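All remarks here apply to the structure that follows.
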Amino acid sequence: MPSAAERTRTLVQSTCSSVLLVPGLDALRPDQLMPDARTVDTGGDVVLVFAADSPVVRAATHAQADELPVVLEITDVAPVSVPHRIRGRAWVSGWLTRAPGAAEPGRTTLRLEVGEAYVDDLWGAEPVEADEFASAVADPLSEHEAELLQHLHSAHSAEVSMLRSLLGGRTGGTAAVPVGVDRFGLRVRFTGVNCFDARFDFPEPVRDIAELRRAMHALFDAASR
């Protein structure tokens, strides 16, 4: 299974919605605290881009000792229609400063030096140390996960439903919806009166879309036998 650090790094580098919680700015609308872009640099710091006139930029500029304690909160919502769509949240806390160098016109780049992180998702709730976050690698499928799940749901719903046969007699749920996929396997939510998730692990971790296709075919073949 993916480590807590890997899951956190994947969420930070994803397109999930996020807000930056800044002391003194809690009265702002959430959209005023949403970065326009975010990424992770080679040192493990989170790089955030805001409008140059953003209250967040002003706060970082005027912070004492050029450091502002903040928390980046990320919310992960399933890209398919399913009950309980929030798949998880991550919180990355640390210190915010203005990044040196010029940004694109009208934008300012800020740097979040990570102190610690915490993830609460479908795998469970776990803390993440800064060095673990820095050395972790985002899941290789995360960039394409939304379209992969939507394709599975719309074009292969019958095959996904057949995976029920691999559950060893466990019953319940009237529909099967693919709710998550990563390099280790596929998660399906069986919905209905009894709603539950089932995890279908791949024989070995996949590294790209081509290997994922082969792993999915192997799952479907096993379910059809």
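We label chains A, B, ... in the order they appear in the structure tokens, count residues from 1 in each chain, and number ligands from 1 in the order shown.
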If we count only C-alpha atoms and set the cut-off at 6 Å, which residues sit around range 50-55 of chain A, ignoring sequence neighbours fewer than 3 positions away in its own chain? Please answer as a PDB file with C-alpha atoms, in the first residue's frame.
```pdb
ATOM      1  CA  PRO A  35      -3.604  29.270  -4.590  1.00  0.00           C
ATOM      2  CA  ASP A  36      -3.685  29.557  -8.368  1.00  0.00           C
ATOM      3  CA  ARG A  58       0.477  40.842   1.831  1.00  0.00           C
ATOM      4  CA  GLY A 106       0.265  39.822 -11.670  1.00  0.00           C
ATOM      5  CA  ARG A 107       1.355  36.730  -9.724  1.00  0.00           C
ATOM      6  CA  THR A 108       3.612  36.163  -6.719  1.00  0.00           C
TER       7      THR A 108
END
```
*asked:* as a VMD selection string, please: every residue in range 31-64 of chain A that DSSP puts in strand (DSSP E or B).
replied: chain A and resid 37 to 40 46 to 51
Print the selection's residues with C-alpha atoms to a file, as a PDB file, in the first residue's frame.
```pdb
ATOM      1  CA  ALA A  37      -1.080  26.792  -8.630  1.00  0.00           C
ATOM      2  CA  ARG A  38       0.996  24.583  -6.375  1.00  0.00           C
ATOM      3  CA  THR A  39       3.875  22.178  -6.757  1.00  0.00           C
ATOM      4  CA  VAL A  40       6.714  20.662  -4.729  1.00  0.00           C
ATOM      5  CA  VAL A  46       5.609  23.465  -1.404  1.00  0.00           C
ATOM      6  CA  VAL A  47       5.594  26.278  -3.968  1.00  0.00           C
ATOM      7  CA  LEU A  48       2.359  28.279  -4.174  1.00  0.00           C
ATOM      8  CA  VAL A  49       1.302  30.930  -6.668  1.00  0.00           C
ATOM      9  CA  PHE A  50      -1.144  33.675  -5.677  1.00  0.00           C
ATOM     10  CA  ALA A  51      -2.368  36.876  -7.264  1.00  0.00           C
TER      11      ALA A  51
END
```
*Best match for closeness to Phe196 in chain A among A:Leu110, A:Ala155, A:Val82, A:Ile74, counting only C-alpha atoms*: A:Val82
*Counting only C-alpha atoms, the residue of A:Asp182, A:Pro100, A:Val12, A:Arg214 that sits nearest Glu145 in chain A*: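 Among A:Asp182, A:Pro100, A:Val12, A:Arg214, it is A:Asp182 that comes nearest to Glu145 in chain A.
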Would you return as a short mmCIF file (atom, residue, chain, number, x, y, z; two decimals) with N, CA and C atoms, in the first residue's frame the members of range 106-195 of chain A that DSSP assigns to alpha helix (DSSP H) on this structure's backbone?
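Contents of the output file part02.cif:
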```cif
data_model
loop_
_atom_site.label_atom_id
_atom_site.label_comp_id
_atom_site.auth_asym_id
_atom_site.auth_seq_id
_atom_site.Cartn_x
_atom_site.Cartn_y
_atom_site.Cartn_z
N ALA A 130 8.45 15.88 7.98
CA ALA A 130 8.89 16.72 6.86
C ALA A 130 9.87 15.98 5.95
N ASP A 131 10.80 15.21 6.54
CA ASP A 131 11.77 14.50 5.71
C ASP A 131 11.12 13.37 4.91
N GLU A 132 10.08 12.76 5.49
CA GLU A 132 9.34 11.72 4.77
C GLU A 132 8.61 12.33 3.57
N PHE A 133 8.02 13.49 3.79
CA PHE A 133 7.31 14.18 2.71
C PHE A 133 8.28 14.56 1.59
N ALA A 134 9.45 15.07 1.98
CA ALA A 134 10.43 15.51 0.98
C ALA A 134 10.94 14.37 0.12
N SER A 135 11.10 13.19 0.71
CA SER A 135 11.66 12.06 -0.05
C SER A 135 10.61 11.24 -0.77
N GLU A 145 -5.68 9.93 -13.00
CA GLU A 145 -6.64 9.12 -12.24
C GLU A 145 -8.09 9.50 -12.54
N ALA A 146 -8.40 10.79 -12.62
CA ALA A 146 -9.78 11.21 -12.83
C ALA A 146 -10.34 10.64 -14.13
N GLU A 147 -9.60 10.79 -15.23
CA GLU A 147 -10.10 10.29 -16.51
C GLU A 147 -10.13 8.76 -16.53
N LEU A 148 -9.19 8.12 -15.84
CA LEU A 148 -9.18 6.65 -15.78
C LEU A 148 -10.44 6.14 -15.06
N LEU A 149 -10.77 6.74 -13.93
CA LEU A 149 -11.94 6.30 -13.19
C LEU A 149 -13.23 6.58 -13.96
N GLN A 150 -13.30 7.75 -14.60
CA GLN A 150 -14.49 8.09 -15.38
C GLN A 150 -14.66 7.13 -16.56
N HIS A 151 -13.54 6.75 -17.18
CA HIS A 151 -13.61 5.79 -18.30
C HIS A 151 -14.05 4.41 -17.81
N LEU A 152 -13.49 3.96 -16.70
CA LEU A 152 -13.89 2.67 -16.15
C LEU A 152 -15.38 2.65 -15.81
N HIS A 153 -15.84 3.75 -15.23
CA HIS A 153 -17.23 3.82 -14.80
C HIS A 153 -18.20 3.85 -15.98
N SER A 154 -17.83 4.57 -17.03
CA SER A 154 -18.75 4.74 -18.16
C SER A 154 -18.64 3.62 -19.19
N ALA A 155 -17.43 3.09 -19.39
CA ALA A 155 -17.23 2.12 -20.47
C ALA A 155 -17.04 0.68 -19.98
N SER A 157 -18.39 -0.61 -16.78
CA SER A 157 -19.13 -0.81 -15.53
C SER A 157 -19.47 -2.29 -15.30
N ALA A 158 -19.74 -3.03 -16.39
CA ALA A 158 -20.07 -4.45 -16.24
C ALA A 158 -18.87 -5.22 -15.71
N GLU A 159 -17.68 -4.93 -16.25
CA GLU A 159 -16.48 -5.62 -15.79
C GLU A 159 -16.16 -5.27 -14.34
N VAL A 160 -16.33 -3.99 -13.99
CA VAL A 160 -16.08 -3.57 -12.61
C VAL A 160 -17.04 -4.28 -11.66
N SER A 161 -18.29 -4.40 -12.07
CA SER A 161 -19.28 -5.09 -11.25
C SER A 161 -18.92 -6.56 -11.05
N MET A 162 -18.31 -7.18 -12.08
CA MET A 162 -17.93 -8.59 -11.98
C MET A 162 -16.85 -8.83 -10.93
#
```
*asked:* Please list as a ChimeraX atom specification every residue within 12 Å of Leu166 in chain A, counting only C-alpha atoms and excluding residues in the same chain fewer than 3 positions away.
replied: /A:159-163,169-171,188,198-201,219-225
Please write the residues from the selection above to a file, keeping N, CA, C and O atoms, as a PDB file, in the first residue's frame.
```pdb
ATOM      1  N   GLU A 159     -17.678  -4.933 -16.246  1.00  0.00           N
ATOM      2  CA  GLU A 159     -16.481  -5.624 -15.789  1.00  0.00           C
ATOM      3  C   GLU A 159     -16.162  -5.267 -14.339  1.00  0.00           C
ATOM      4  O   GLU A 159     -15.764  -6.129 -13.550  1.00  0.00           O
ATOM      5  N   VAL A 160     -16.330  -3.986 -13.992  1.00  0.00           N
ATOM      6  CA  VAL A 160     -16.080  -3.567 -12.615  1.00  0.00           C
ATOM      7  C   VAL A 160     -17.038  -4.282 -11.664  1.00  0.00           C
ATOM      8  O   VAL A 160     -16.660  -4.747 -10.589  1.00  0.00           O
ATOM      9  N   SER A 161     -18.292  -4.400 -12.074  1.00  0.00           N
ATOM     10  CA  SER A 161     -19.280  -5.087 -11.249  1.00  0.00           C
ATOM     11  C   SER A 161     -18.918  -6.557 -11.047  1.00  0.00           C
ATOM     12  O   SER A 161     -19.174  -7.136  -9.990  1.00  0.00           O
ATOM     13  N   MET A 162     -18.311  -7.180 -12.084  1.00  0.00           N
ATOM     14  CA  MET A 162     -17.927  -8.592 -11.978  1.00  0.00           C
ATOM     15  C   MET A 162     -16.854  -8.833 -10.931  1.00  0.00           C
ATOM     16  O   MET A 162     -16.673  -9.965 -10.471  1.00  0.00           O
ATOM     17  N   LEU A 163     -16.130  -7.788 -10.537  1.00  0.00           N
ATOM     18  CA  LEU A 163     -15.085  -7.958  -9.536  1.00  0.00           C
ATOM     19  C   LEU A 163     -15.654  -8.444  -8.204  1.00  0.00           C
ATOM     20  O   LEU A 163     -14.917  -8.953  -7.353  1.00  0.00           O
ATOM     21  N   GLY A 169     -17.410 -14.405  -1.464  1.00  0.00           N
ATOM     22  CA  GLY A 169     -18.740 -14.594  -0.899  1.00  0.00           C
ATOM     23  C   GLY A 169     -19.308 -13.385  -0.200  1.00  0.00           C
ATOM     24  O   GLY A 169     -20.462 -13.400   0.240  1.00  0.00           O
ATOM     25  N   ARG A 170     -18.538 -12.300  -0.075  1.00  0.00           N
ATOM     26  CA  ARG A 170     -19.073 -11.105   0.567  1.00  0.00           C
ATOM     27  C   ARG A 170     -20.150 -10.504  -0.318  1.00  0.00           C
ATOM     28  O   ARG A 170     -19.959 -10.333  -1.519  1.00  0.00           O
ATOM     29  N   THR A 171     -21.298 -10.180   0.250  1.00  0.00           N
ATOM     30  CA  THR A 171     -22.410  -9.645  -0.528  1.00  0.00           C
ATOM     31  C   THR A 171     -22.785  -8.269  -0.021  1.00  0.00           C
ATOM     32  O   THR A 171     -22.318  -7.803   1.017  1.00  0.00           O
ATOM     33  N   VAL A 188     -12.979  -0.146  -5.297  1.00  0.00           N
ATOM     34  CA  VAL A 188     -14.348  -0.088  -5.809  1.00  0.00           C
ATOM     35  C   VAL A 188     -15.300   0.102  -4.640  1.00  0.00           C
ATOM     36  O   VAL A 188     -15.161  -0.563  -3.600  1.00  0.00           O
ATOM     37  N   ALA A 198     -14.117  -2.128  -1.481  1.00  0.00           N
ATOM     38  CA  ALA A 198     -13.275  -3.313  -1.635  1.00  0.00           C
ATOM     39  C   ALA A 198     -12.030  -2.928  -2.416  1.00  0.00           C
ATOM     40  O   ALA A 198     -12.109  -2.146  -3.372  1.00  0.00           O
ATOM     41  N   ARG A 199     -10.918  -3.464  -2.001  1.00  0.00           N
ATOM     42  CA  ARG A 199      -9.638  -3.161  -2.622  1.00  0.00           C
ATOM     43  C   ARG A 199      -9.185  -4.363  -3.437  1.00  0.00           C
ATOM     44  O   ARG A 199      -9.178  -5.500  -2.942  1.00  0.00           O
ATOM     45  N   PHE A 200      -8.803  -4.112  -4.692  1.00  0.00           N
ATOM     46  CA  PHE A 200      -8.320  -5.181  -5.578  1.00  0.00           C
ATOM     47  C   PHE A 200      -6.873  -4.860  -5.953  1.00  0.00           C
ATOM     48  O   PHE A 200      -6.612  -3.963  -6.755  1.00  0.00           O
ATOM     49  N   ASP A 201      -5.951  -5.585  -5.343  1.00  0.00           N
ATOM     50  CA  ASP A 201      -4.534  -5.314  -5.553  1.00  0.00           C
ATOM     51  C   ASP A 201      -4.043  -5.896  -6.869  1.00  0.00           C
ATOM     52  O   ASP A 201      -4.466  -6.991  -7.276  1.00  0.00           O
ATOM     53  N   LEU A 219      -7.183  -8.487 -13.775  1.00  0.00           N
ATOM     54  CA  LEU A 219      -8.260  -8.472 -12.760  1.00  0.00           C
ATOM     55  C   LEU A 219      -9.578  -8.927 -13.363  1.00  0.00           C
ATOM     56  O   LEU A 219     -10.293  -9.762 -12.800  1.00  0.00           O
ATOM     57  N   PHE A 220      -9.921  -8.347 -14.522  1.00  0.00           N
ATOM     58  CA  PHE A 220     -11.191  -8.689 -15.154  1.00  0.00           C
ATOM     59  C   PHE A 220     -11.216 -10.159 -15.573  1.00  0.00           C
ATOM     60  O   PHE A 220     -12.250 -10.824 -15.459  1.00  0.00           O
ATOM     61  N   ASP A 221     -10.093 -10.662 -16.068  1.00  0.00           N
ATOM     62  CA  ASP A 221     -10.022 -12.073 -16.462  1.00  0.00           C
ATOM     63  C   ASP A 221     -10.240 -12.985 -15.241  1.00  0.00           C
ATOM     64  O   ASP A 221     -10.956 -14.001 -15.304  1.00  0.00           O
ATOM     65  N   ALA A 222      -9.621 -12.614 -14.123  1.00  0.00           N
ATOM     66  CA  ALA A 222      -9.776 -13.416 -12.909  1.00  0.00           C
ATOM     67  C   ALA A 222     -11.216 -13.393 -12.421  1.00  0.00           C
ATOM     68  O   ALA A 222     -11.753 -14.418 -11.958  1.00  0.00           O
ATOM     69  N   ALA A 223     -11.893 -12.247 -12.569  1.00  0.00           N
ATOM     70  CA  ALA A 223     -13.287 -12.127 -12.115  1.00  0.00           C
ATOM     71  C   ALA A 223     -14.238 -12.907 -13.006  1.00  0.00           C
ATOM     72  O   ALA A 223     -15.277 -13.366 -12.537  1.00  0.00           O
ATOM     73  N   SER A 224     -13.882 -13.061 -14.284  1.00  0.00           N
ATOM     74  CA  SER A 224     -14.783 -13.737 -15.208  1.00  0.00           C
ATOM     75  C   SER A 224     -14.685 -15.257 -15.144  1.00  0.00           C
ATOM     76  O   SER A 224     -15.539 -15.966 -15.682  1.00  0.00           O
ATOM     77  N   ARG A 225     -13.629 -15.766 -14.493  1.00  0.00           N
ATOM     78  CA  ARG A 225     -13.438 -17.218 -14.422  1.00  0.00           C
ATOM     79  C   ARG A 225     -14.267 -17.842 -13.302  1.00  0.00           C
ATOM     80  O   ARG A 225     -14.495 -17.207 -12.272  1.00  0.00           O
TER      81      ARG A 225
END
```
*Residue among A:Ala99, A:Ala218, A:Glu116, A:Pro30 lying closest to Val71 in chain A, counting only C-alpha atoms*: A:Glu116
*Which of these residues is nearest to Thr174 in chain A, using only C-alpha atoms: A:Ala136, A:Val92, A:Ile209, A:Cys195?*
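The answer is A:Cys195, which sits nearest to Thr174 in chain A.
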